[in-house]
Amino acid sequence: MRFLLTVCVVSMAASVSGCLPAAVARGAARDPNLVWCDEFDGAALDMTKWSYRGLGPRKGGVNVKAAVTLDGKGHLAITTSKVGDKYHTGMIGTQGKFERAFGYWECRVKLQTAIGHWSAFWLQSPTLGKPVGDVAKAGTEIDIFEYLRKRGDRMQHTLHWDGYGKDHKSQGKVVNVPGLTQGWHTVGFEWTKSEYVFYIDGKETWRTSKGVSHRPEYIILSLEVGPWAGDISKAKLPDRVLFDYVRVYKARPSLWSPP
């Protein structure tokens, strides 16, 4: 654990120095609590911050590197496309490059428009369920948001802990957000030693003290294919989710305002 935390401190310092001017210029609070961010400027994904995850078949799709791109306008795009009889999509994460416990995570996102796949901004523990019964030590899968287009203006927050087998525990909430299907939205997540608080467009949407991890966790951005999200064969493809930025603070900025 001591080695892991040391690695994280070095990673955070490098990440902040590399993105802070762009973050401030694009509307981030000039906040000394900012510890990590990616504004998705430039022509290619910053591989000092991210790695491709789960390449190959996953659920109803196939994760490929080509599905994850920068659009040249300051956005990360994850795109689902039909290639032959397969559905290609993508997933990236910060495992081994940035992992943190406690603080405030935020992304600005423009959601996908087709059914059959779901987008997500989430945190994951490398030791989920190890040991079972000690969530603070083992960690929790924290789905800051999951979005299924078939739900219209509703977004989901979900927690999973004690592994994915017989001991698995879960709690979540689906919230209605008028206008969610249109334009850009900001999703935030506050994590303390005693509770989680979720926000959409600056408004609190869920607060819970269940499944609270004390273990450093890494970020994942994903677009996944599967029947949970509807029949992908009826989707108009290609379709994509766009992320304008991901930012991590030691604490939630006190004067939050929409970008």
# chains A, B, ... in the order shown; residues from 1 in each chain; ligands from 1
>>> closest_atom_pairs(of="region 58-154 of chain A", to="region 251-255 of chain A", cutoff="12 Å", atoms="only C-alpha atoms", output="tab-separated table")
residue	atom	partner	partner_atom	distance
A:Ala101	CA	A:Ala251	CA	11.4
A:Phe102	CA	A:Ala251	CA	8.1
A:Gly103	CA	A:Ala251	CA	4.8
A:Tyr104	CA	A:Arg252	CA	5.1
A:Trp105	CA	A:Arg252	CA	8.1
A:Glu106	CA	A:Arg252	CA	9.2
>>> write_last_selection(atoms="C-alpha atoms", output="mmCIF file, in the first residue's frame")
data_model
loop_
_atom_site.group_PDB
_atom_site.id
_atom_site.type_symbol
_atom_site.label_atom_id
_atom_site.label_comp_id
_atom_site.auth_asym_id
_atom_site.auth_seq_id
_atom_site.Cartn_x
_atom_site.Cartn_y
_atom_site.Cartn_z
ATOM 1 C CA ALA A 101 -9.285 7.375 -2.174
ATOM 2 C CA PHE A 102 -11.569 10.256 -1.129
ATOM 3 C CA GLY A 103 -12.176 13.540 -2.879
ATOM 4 C CA TYR A 104 -14.413 14.815 -5.661
ATOM 5 C CA TRP A 105 -14.588 13.411 -9.202
ATOM 6 C CA GLU A 106 -16.311 15.201 -12.076
#
>>> select_by_dssp(residues="region 49-249 of chain A", states="helix (DSSP H, G or I)", output="PyMOL selection string")
chain A and resi 65-67+135-138+149-151+227-229+232-234
>>> closest_atom_pairs(of="region 26-51 of chain A", to="region 216-219 of chain A", cutoff="12 Å", atoms="only C-alpha atoms", output="tab-separated table")
residue	atom	partner	partner_atom	distance
A:Trp36	CA	A:Ile219	CA	11.1
A:Cys37	CA	A:Ile219	CA	11.1
A:Asp38	CA	A:Ile219	CA	11.6
A:Lys49	CA	A:Ile219	CA	10.1
A:Trp50	CA	A:Ile219	CA	9.0
A:Ser51	CA	A:Ile219	CA	10.5
>>> closest_residue(among="A:Gly139, A:Pro178, A:Gly61, A:Gly74", to="Arg154 (chain A)", atoms="only C-alpha atoms")
A:Pro178
>>> residues_around(residues="Gly42 (chain A)", least_positions_apart="5", cutoff="10 Å", atoms="only C-alpha atoms", output="compact mmCIF listing (two decimals) with C-alpha atoms, in the first residue's frame")
# COMPACT_ATOMS: atom_id res chain seq x y z
CA LEU A 70 -9.96 12.53 -29.57
CA ASP A 71 -12.08 14.65 -31.90
CA GLY A 72 -9.65 17.56 -32.13
CA LYS A 73 -12.14 19.87 -30.42
CA GLY A 74 -11.14 19.02 -26.86
CA HIS A 75 -13.34 15.93 -26.47
>>> closest_atom_pairs(of="region 82-130 of chain A", to="region 193-215 of chain A", cutoff="12 Å", atoms="only C-alpha atoms", output="tab-separated table")
residue	atom	partner	partner_atom	distance
A:Glu99	CA	A:Arg215	CA	9.0
A:Arg100	CA	A:Arg215	CA	7.5
A:Ala101	CA	A:Arg215	CA	5.6
A:Phe102	CA	A:Lys193	CA	7.0
A:Gly103	CA	A:Lys193	CA	9.6
A:Tyr104	CA	A:Val197	CA	9.3
A:Trp105	CA	A:Phe198	CA	9.6
A:Glu106	CA	A:Tyr199	CA	9.0
A:Cys107	CA	A:Ile200	CA	9.9
A:Arg108	CA	A:Asp201	CA	9.1
A:Val109	CA	A:Asp201	CA	10.6
A:Trp122	CA	A:Phe198	CA	12.0
A:Leu123	CA	A:Ser213	CA	10.7
A:Gln124	CA	A:Arg215	CA	9.8
A:Ser125	CA	A:Arg215	CA	7.2
A:Pro126	CA	A:Arg215	CA	9.1
A:Thr127	CA	A:Arg215	CA	8.7
A:Leu128	CA	A:Arg215	CA	9.6
A:Gly129	CA	A:Ser213	CA	11.1
A:Lys130	CA	A:Arg215	CA	11.4
>>> closest_residue(among="A:Val248, A:Ile92, A:Leu159, A:Leu242", to="Ile144 (chain A)", atoms="only C-alpha atoms")
A:Leu159
>>> residues_around(residues="Val62 (chain A)", least_positions_apart="6", cutoff="10 Å", atoms="only C-alpha atoms", output="ChimeraX atom specification")
/A:54-56,80-81,83,86-90,224-225
>>> select_by_dssp(residues="region 52-218 of chain A", states="strand (DSSP E or B)", output="ChimeraX atom specification")
/A:52,56-58,61-63,68-70,76-83,86-93,99-100,103-110,117-124,140-148,154-161,169-176,185-191,196-200,203-208,217-218
>>> write_last_selection(atoms="C-alpha atoms", output="PDB file, in the first residue's frame")
ATOM      1  CA  TYR A  52      -6.993   0.572 -22.923  1.00  0.00           C
ATOM      2  CA  GLY A  56     -11.349  -8.225 -27.109  1.00  0.00           C
ATOM      3  CA  PRO A  57     -14.843  -9.682 -26.581  1.00  0.00           C
ATOM      4  CA  ARG A  58     -16.774  -8.252 -23.638  1.00  0.00           C
ATOM      5  CA  GLY A  61     -19.371  -6.176 -28.023  1.00  0.00           C
ATOM      6  CA  VAL A  62     -15.670  -6.201 -28.785  1.00  0.00           C
ATOM      7  CA  ASN A  63     -13.406  -3.624 -27.145  1.00  0.00           C
ATOM      8  CA  VAL A  68     -11.413   5.548 -28.456  1.00  0.00           C
ATOM      9  CA  THR A  69     -10.375   8.808 -30.138  1.00  0.00           C
ATOM     10  CA  LEU A  70      -9.958  12.529 -29.565  1.00  0.00           C
ATOM     11  CA  LEU A  76     -12.774  12.217 -25.943  1.00  0.00           C
ATOM     12  CA  ALA A  77     -15.075  10.074 -28.080  1.00  0.00           C
ATOM     13  CA  ILE A  78     -15.909   6.423 -27.451  1.00  0.00           C
ATOM     14  CA  THR A  79     -17.764   5.063 -30.460  1.00  0.00           C
ATOM     15  CA  THR A  80     -19.810   1.931 -31.060  1.00  0.00           C
ATOM     16  CA  SER A  81     -19.743   0.701 -34.677  1.00  0.00           C
ATOM     17  CA  LYS A  82     -20.928  -2.417 -36.456  1.00  0.00           C
ATOM     18  CA  VAL A  83     -18.023  -4.182 -38.153  1.00  0.00           C
ATOM     19  CA  LYS A  86     -19.593  -7.658 -34.513  1.00  0.00           C
ATOM     20  CA  TYR A  87     -20.117  -4.489 -32.516  1.00  0.00           C
ATOM     21  CA  HIS A  88     -16.883  -2.661 -31.774  1.00  0.00           C
ATOM     22  CA  THR A  89     -16.661  -0.308 -28.807  1.00  0.00           C
ATOM     23  CA  GLY A  90     -14.120   0.760 -26.190  1.00  0.00           C
ATOM     24  CA  MET A  91     -13.036   1.276 -22.590  1.00  0.00           C
ATOM     25  CA  ILE A  92     -10.118   3.081 -20.941  1.00  0.00           C
ATOM     26  CA  GLY A  93      -8.887   3.339 -17.350  1.00  0.00           C
ATOM     27  CA  GLU A  99      -5.596   5.736  -8.102  1.00  0.00           C
ATOM     28  CA  ARG A 100      -7.027   7.702  -5.206  1.00  0.00           C
ATOM     29  CA  GLY A 103     -12.176  13.540  -2.879  1.00  0.00           C
ATOM     30  CA  TYR A 104     -14.413  14.815  -5.661  1.00  0.00           C
ATOM     31  CA  TRP A 105     -14.588  13.411  -9.202  1.00  0.00           C
ATOM     32  CA  GLU A 106     -16.311  15.201 -12.076  1.00  0.00           C
ATOM     33  CA  CYS A 107     -16.842  14.771 -15.799  1.00  0.00           C
ATOM     34  CA  ARG A 108     -18.699  16.724 -18.457  1.00  0.00           C
ATOM     35  CA  VAL A 109     -20.443  14.414 -20.904  1.00  0.00           C
ATOM     36  CA  LYS A 110     -22.635  14.389 -23.992  1.00  0.00           C
ATOM     37  CA  HIS A 117     -25.225   0.242 -25.453  1.00  0.00           C
ATOM     38  CA  TRP A 118     -24.603   2.132 -22.228  1.00  0.00           C
ATOM     39  CA  SER A 119     -22.026   4.721 -21.242  1.00  0.00           C
ATOM     40  CA  ALA A 120     -20.395   4.945 -17.826  1.00  0.00           C
ATOM     41  CA  PHE A 121     -17.987   6.951 -15.682  1.00  0.00           C
ATOM     42  CA  TRP A 122     -16.888   4.758 -12.804  1.00  0.00           C
ATOM     43  CA  LEU A 123     -14.276   3.898 -10.206  1.00  0.00           C
ATOM     44  CA  GLN A 124     -12.963   0.404  -9.567  1.00  0.00           C
ATOM     45  CA  THR A 140     -16.227  -0.904  -4.092  1.00  0.00           C
ATOM     46  CA  GLU A 141     -17.183  -0.616  -7.740  1.00  0.00           C
ATOM     47  CA  ILE A 142     -18.585   2.926  -7.846  1.00  0.00           C
ATOM     48  CA  ASP A 143     -20.646   3.640 -10.959  1.00  0.00           C
ATOM     49  CA  ILE A 144     -20.745   7.429 -10.804  1.00  0.00           C
ATOM     50  CA  PHE A 145     -23.109   7.253 -13.728  1.00  0.00           C
ATOM     51  CA  GLU A 146     -24.471   4.661 -16.109  1.00  0.00           C
ATOM     52  CA  TYR A 147     -26.715   5.822 -18.939  1.00  0.00           C
ATOM     53  CA  LEU A 148     -29.077   3.769 -21.087  1.00  0.00           C
ATOM     54  CA  ARG A 154     -33.028   9.013 -16.331  1.00  0.00           C
ATOM     55  CA  MET A 155     -29.486   8.276 -15.153  1.00  0.00           C
ATOM     56  CA  GLN A 156     -28.267   5.589 -12.742  1.00  0.00           C
ATOM     57  CA  HIS A 157     -25.774   5.627  -9.845  1.00  0.00           C
ATOM     58  CA  THR A 158     -24.737   2.178  -8.547  1.00  0.00           C
ATOM     59  CA  LEU A 159     -22.424   0.570  -5.967  1.00  0.00           C
ATOM     60  CA  HIS A 160     -21.143  -3.046  -5.977  1.00  0.00           C
ATOM     61  CA  TRP A 161     -19.041  -4.611  -3.221  1.00  0.00           C
ATOM     62  CA  LYS A 169     -23.918  -6.689  -2.500  1.00  0.00           C
ATOM     63  CA  SER A 170     -25.281  -3.763  -4.434  1.00  0.00           C
ATOM     64  CA  GLN A 171     -27.203  -0.550  -3.990  1.00  0.00           C
ATOM     65  CA  GLY A 172     -28.196   2.076  -6.513  1.00  0.00           C
ATOM     66  CA  LYS A 173     -30.566   4.821  -7.531  1.00  0.00           C
ATOM     67  CA  VAL A 174     -32.097   5.870 -10.844  1.00  0.00           C
ATOM     68  CA  VAL A 175     -32.764   9.600 -10.995  1.00  0.00           C
ATOM     69  CA  ASN A 176     -34.816  11.706 -13.394  1.00  0.00           C
ATOM     70  CA  HIS A 185     -24.178  17.557 -18.596  1.00  0.00           C
ATOM     71  CA  THR A 186     -21.813  17.567 -15.630  1.00  0.00           C
ATOM     72  CA  VAL A 187     -21.755  14.568 -13.297  1.00  0.00           C
ATOM     73  CA  GLY A 188     -19.953  14.770  -9.962  1.00  0.00           C
ATOM     74  CA  PHE A 189     -19.151  12.407  -7.118  1.00  0.00           C
ATOM     75  CA  GLU A 190     -18.001  13.264  -3.601  1.00  0.00           C
ATOM     76  CA  TRP A 191     -16.316  10.530  -1.533  1.00  0.00           C
ATOM     77  CA  TYR A 196     -20.839   9.072  -1.018  1.00  0.00           C
ATOM     78  CA  VAL A 197     -22.705  12.008  -2.563  1.00  0.00           C
ATOM     79  CA  PHE A 198     -23.657  12.131  -6.253  1.00  0.00           C
ATOM     80  CA  TYR A 199     -24.454  15.243  -8.303  1.00  0.00           C
ATOM     81  CA  ILE A 200     -25.836  15.962 -11.764  1.00  0.00           C
ATOM     82  CA  LYS A 203     -27.643  19.275  -7.898  1.00  0.00           C
ATOM     83  CA  GLU A 204     -27.389  16.470  -5.362  1.00  0.00           C
ATOM     84  CA  THR A 205     -29.098  13.331  -6.679  1.00  0.00           C
ATOM     85  CA  TRP A 206     -28.120  10.618  -4.186  1.00  0.00           C
ATOM     86  CA  ARG A 207     -26.416  10.329  -0.803  1.00  0.00           C
ATOM     87  CA  THR A 208     -25.545   7.034   0.857  1.00  0.00           C
ATOM     88  CA  GLU A 217      -9.408   3.284  -6.815  1.00  0.00           C
ATOM     89  CA  TYR A 218      -8.935   4.038 -10.502  1.00  0.00           C
TER      90      TYR A 218
END
>>> atom_distance(atom1="CA of Asp153 (chain A)", atom2="CA of Gly179 (chain A)")
6.3 Å
>>> atom_distance(atom1="CA of Asp41 (chain A)", atom2="CA of Gln112 (chain A)")
20.7 Å
>>> decode(residues="region 205-246 of chain A", atoms="N, CA and C atoms", output="PDB file, in the first residue's frame")
ATOM      1  N   THR A 205     -28.123  14.311  -6.217  1.00  0.00           N
ATOM      2  CA  THR A 205     -29.098  13.331  -6.679  1.00  0.00           C
ATOM      3  C   THR A 205     -29.160  12.072  -5.819  1.00  0.00           C
ATOM      4  N   TRP A 206     -28.095  11.798  -5.061  1.00  0.00           N
ATOM      5  CA  TRP A 206     -28.120  10.618  -4.186  1.00  0.00           C
ATOM      6  C   TRP A 206     -27.022  10.754  -3.143  1.00  0.00           C
ATOM      7  N   ARG A 207     -27.369  10.342  -1.914  1.00  0.00           N
ATOM      8  CA  ARG A 207     -26.416  10.329  -0.803  1.00  0.00           C
ATOM      9  C   ARG A 207     -26.576   9.008  -0.070  1.00  0.00           C
ATOM     10  N   THR A 208     -25.463   8.317   0.184  1.00  0.00           N
ATOM     11  CA  THR A 208     -25.545   7.034   0.857  1.00  0.00           C
ATOM     12  C   THR A 208     -24.281   6.768   1.665  1.00  0.00           C
ATOM     13  N   SER A 209     -24.445   6.004   2.751  1.00  0.00           N
ATOM     14  CA  SER A 209     -23.306   5.574   3.568  1.00  0.00           C
ATOM     15  C   SER A 209     -23.036   4.085   3.385  1.00  0.00           C
ATOM     16  N   LYS A 210     -23.647   3.464   2.379  1.00  0.00           N
ATOM     17  CA  LYS A 210     -23.443   2.036   2.113  1.00  0.00           C
ATOM     18  C   LYS A 210     -22.185   1.820   1.277  1.00  0.00           C
ATOM     19  N   GLY A 211     -21.486   0.715   1.565  1.00  0.00           N
ATOM     20  CA  GLY A 211     -20.374   0.282   0.721  1.00  0.00           C
ATOM     21  C   GLY A 211     -19.236   1.269   0.606  1.00  0.00           C
ATOM     22  N   VAL A 212     -18.919   1.985   1.684  1.00  0.00           N
ATOM     23  CA  VAL A 212     -17.897   3.036   1.587  1.00  0.00           C
ATOM     24  C   VAL A 212     -16.490   2.430   1.611  1.00  0.00           C
ATOM     25  N   SER A 213     -15.788   2.607   0.526  1.00  0.00           N
ATOM     26  CA  SER A 213     -14.408   2.149   0.375  1.00  0.00           C
ATOM     27  C   SER A 213     -13.440   3.143   1.002  1.00  0.00           C
ATOM     28  N   HIS A 214     -12.342   2.630   1.545  1.00  0.00           N
ATOM     29  CA  HIS A 214     -11.231   3.470   1.981  1.00  0.00           C
ATOM     30  C   HIS A 214      -9.978   3.155   1.166  1.00  0.00           C
ATOM     31  N   ARG A 215     -10.168   2.469   0.066  1.00  0.00           N
ATOM     32  CA  ARG A 215      -9.059   1.982  -0.733  1.00  0.00           C
ATOM     33  C   ARG A 215      -8.882   2.848  -1.988  1.00  0.00           C
ATOM     34  N   PRO A 216      -7.651   3.237  -2.363  1.00  0.00           N
ATOM     35  CA  PRO A 216      -7.472   3.976  -3.619  1.00  0.00           C
ATOM     36  C   PRO A 216      -8.038   3.203  -4.806  1.00  0.00           C
ATOM     37  N   GLU A 217      -8.760   3.903  -5.668  1.00  0.00           N
ATOM     38  CA  GLU A 217      -9.408   3.284  -6.815  1.00  0.00           C
ATOM     39  C   GLU A 217      -9.079   4.065  -8.082  1.00  0.00           C
ATOM     40  N   TYR A 218      -9.279   3.425  -9.225  1.00  0.00           N
ATOM     41  CA  TYR A 218      -8.935   4.038 -10.502  1.00  0.00           C
ATOM     42  C   TYR A 218     -10.199   4.358 -11.307  1.00  0.00           C
ATOM     43  N   ILE A 219     -10.033   5.248 -12.282  1.00  0.00           N
ATOM     44  CA  ILE A 219     -11.137   5.737 -13.102  1.00  0.00           C
ATOM     45  C   ILE A 219     -11.306   4.848 -14.335  1.00  0.00           C
ATOM     46  N   ILE A 220     -12.559   4.637 -14.743  1.00  0.00           N
ATOM     47  CA  ILE A 220     -12.859   3.972 -16.010  1.00  0.00           C
ATOM     48  C   ILE A 220     -13.900   4.802 -16.761  1.00  0.00           C
ATOM     49  N   LEU A 221     -13.696   4.950 -18.063  1.00  0.00           N
ATOM     50  CA  LEU A 221     -14.686   5.500 -18.982  1.00  0.00           C
ATOM     51  C   LEU A 221     -15.013   4.401 -19.979  1.00  0.00           C
ATOM     52  N   SER A 222     -16.309   4.156 -20.222  1.00  0.00           N
ATOM     53  CA  SER A 222     -16.653   3.011 -21.061  1.00  0.00           C
ATOM     54  C   SER A 222     -17.950   3.230 -21.818  1.00  0.00           C
ATOM     55  N   LEU A 223     -18.072   2.472 -22.894  1.00  0.00           N
ATOM     56  CA  LEU A 223     -19.316   2.356 -23.665  1.00  0.00           C
ATOM     57  C   LEU A 223     -19.445   0.875 -23.984  1.00  0.00           C
ATOM     58  N   GLU A 224     -20.459   0.218 -23.399  1.00  0.00           N
ATOM     59  CA  GLU A 224     -20.570  -1.237 -23.500  1.00  0.00           C
ATOM     60  C   GLU A 224     -21.860  -1.657 -24.183  1.00  0.00           C
ATOM     61  N   VAL A 225     -21.791  -2.769 -24.882  1.00  0.00           N
ATOM     62  CA  VAL A 225     -22.926  -3.316 -25.624  1.00  0.00           C
ATOM     63  C   VAL A 225     -23.524  -4.480 -24.850  1.00  0.00           C
ATOM     64  N   GLY A 226     -24.867  -4.499 -24.763  1.00  0.00           N
ATOM     65  CA  GLY A 226     -25.508  -5.619 -24.100  1.00  0.00           C
ATOM     66  C   GLY A 226     -27.009  -5.442 -24.035  1.00  0.00           C
ATOM     67  N   PRO A 227     -27.765  -6.543 -23.870  1.00  0.00           N
ATOM     68  CA  PRO A 227     -29.228  -6.477 -23.867  1.00  0.00           C
ATOM     69  C   PRO A 227     -29.813  -5.627 -22.756  1.00  0.00           C
ATOM     70  N   TRP A 228     -29.057  -5.404 -21.661  1.00  0.00           N
ATOM     71  CA  TRP A 228     -29.543  -4.517 -20.596  1.00  0.00           C
ATOM     72  C   TRP A 228     -29.937  -3.157 -21.171  1.00  0.00           C
ATOM     73  N   ALA A 229     -29.203  -2.726 -22.199  1.00  0.00           N
ATOM     74  CA  ALA A 229     -29.437  -1.402 -22.784  1.00  0.00           C
ATOM     75  C   ALA A 229     -30.408  -1.437 -23.964  1.00  0.00           C
ATOM     76  N   GLY A 230     -30.908  -2.615 -24.319  1.00  0.00           N
ATOM     77  CA  GLY A 230     -31.819  -2.722 -25.452  1.00  0.00           C
ATOM     78  C   GLY A 230     -31.177  -3.496 -26.596  1.00  0.00           C
ATOM     79  N   ASP A 231     -31.892  -3.578 -27.690  1.00  0.00           N
ATOM     80  CA  ASP A 231     -31.478  -4.381 -28.857  1.00  0.00           C
ATOM     81  C   ASP A 231     -30.575  -3.545 -29.754  1.00  0.00           C
ATOM     82  N   ILE A 232     -29.267  -3.845 -29.729  1.00  0.00           N
ATOM     83  CA  ILE A 232     -28.308  -3.068 -30.501  1.00  0.00           C
ATOM     84  C   ILE A 232     -28.556  -3.185 -31.998  1.00  0.00           C
ATOM     85  N   SER A 233     -29.205  -4.247 -32.446  1.00  0.00           N
ATOM     86  CA  SER A 233     -29.471  -4.397 -33.882  1.00  0.00           C
ATOM     87  C   SER A 233     -30.447  -3.339 -34.388  1.00  0.00           C
ATOM     88  N   LYS A 234     -31.161  -2.688 -33.476  1.00  0.00           N
ATOM     89  CA  LYS A 234     -32.098  -1.635 -33.859  1.00  0.00           C
ATOM     90  C   LYS A 234     -31.481  -0.230 -33.746  1.00  0.00           C
ATOM     91  N   ALA A 235     -30.211  -0.177 -33.365  1.00  0.00           N
ATOM     92  CA  ALA A 235     -29.541   1.116 -33.177  1.00  0.00           C
ATOM     93  C   ALA A 235     -29.038   1.657 -34.505  1.00  0.00           C
ATOM     94  N   LYS A 236     -29.070   2.972 -34.629  1.00  0.00           N
ATOM     95  CA  LYS A 236     -28.459   3.645 -35.769  1.00  0.00           C
ATOM     96  C   LYS A 236     -27.004   3.911 -35.415  1.00  0.00           C
ATOM     97  N   LEU A 237     -26.102   3.188 -36.074  1.00  0.00           N
ATOM     98  CA  LEU A 237     -24.674   3.254 -35.768  1.00  0.00           C
ATOM     99  C   LEU A 237     -23.892   3.814 -36.946  1.00  0.00           C
ATOM    100  N   PRO A 238     -22.716   4.411 -36.705  1.00  0.00           N
ATOM    101  CA  PRO A 238     -22.035   4.529 -35.407  1.00  0.00           C
ATOM    102  C   PRO A 238     -22.705   5.548 -34.490  1.00  0.00           C
ATOM    103  N   ASP A 239     -22.507   5.341 -33.198  1.00  0.00           N
ATOM    104  CA  ASP A 239     -23.009   6.249 -32.174  1.00  0.00           C
ATOM    105  C   ASP A 239     -21.928   6.372 -31.110  1.00  0.00           C
ATOM    106  N   ARG A 240     -21.889   7.504 -30.418  1.00  0.00           N
ATOM    107  CA  ARG A 240     -20.775   7.719 -29.501  1.00  0.00           C
ATOM    108  C   ARG A 240     -21.187   8.509 -28.274  1.00  0.00           C
ATOM    109  N   VAL A 241     -20.375   8.391 -27.236  1.00  0.00           N
ATOM    110  CA  VAL A 241     -20.441   9.249 -26.057  1.00  0.00           C
ATOM    111  C   VAL A 241     -19.216  10.157 -26.104  1.00  0.00           C
ATOM    112  N   LEU A 242     -19.400  11.427 -25.733  1.00  0.00           N
ATOM    113  CA  LEU A 242     -18.312  12.390 -25.709  1.00  0.00           C
ATOM    114  C   LEU A 242     -18.034  12.836 -24.277  1.00  0.00           C
ATOM    115  N   PHE A 243     -16.755  12.895 -23.912  1.00  0.00           N
ATOM    116  CA  PHE A 243     -16.338  13.439 -22.625  1.00  0.00           C
ATOM    117  C   PHE A 243     -15.522  14.699 -22.884  1.00  0.00           C
ATOM    118  N   ASP A 244     -15.928  15.798 -22.284  1.00  0.00           N
ATOM    119  CA  ASP A 244     -15.229  17.065 -22.435  1.00  0.00           C
ATOM    120  C   ASP A 244     -14.020  17.135 -21.504  1.00  0.00           C
ATOM    121  N   TYR A 245     -14.154  16.581 -20.308  1.00  0.00           N
ATOM    122  CA  TYR A 245     -13.044  16.529 -19.361  1.00  0.00           C
ATOM    123  C   TYR A 245     -13.364  15.534 -18.261  1.00  0.00           C
ATOM    124  N   VAL A 246     -12.323  15.136 -17.533  1.00  0.00           N
ATOM    125  CA  VAL A 246     -12.440  14.448 -16.245  1.00  0.00           C
ATOM    126  C   VAL A 246     -11.506  15.190 -15.292  1.00  0.00           C
TER     127      VAL A 246
END
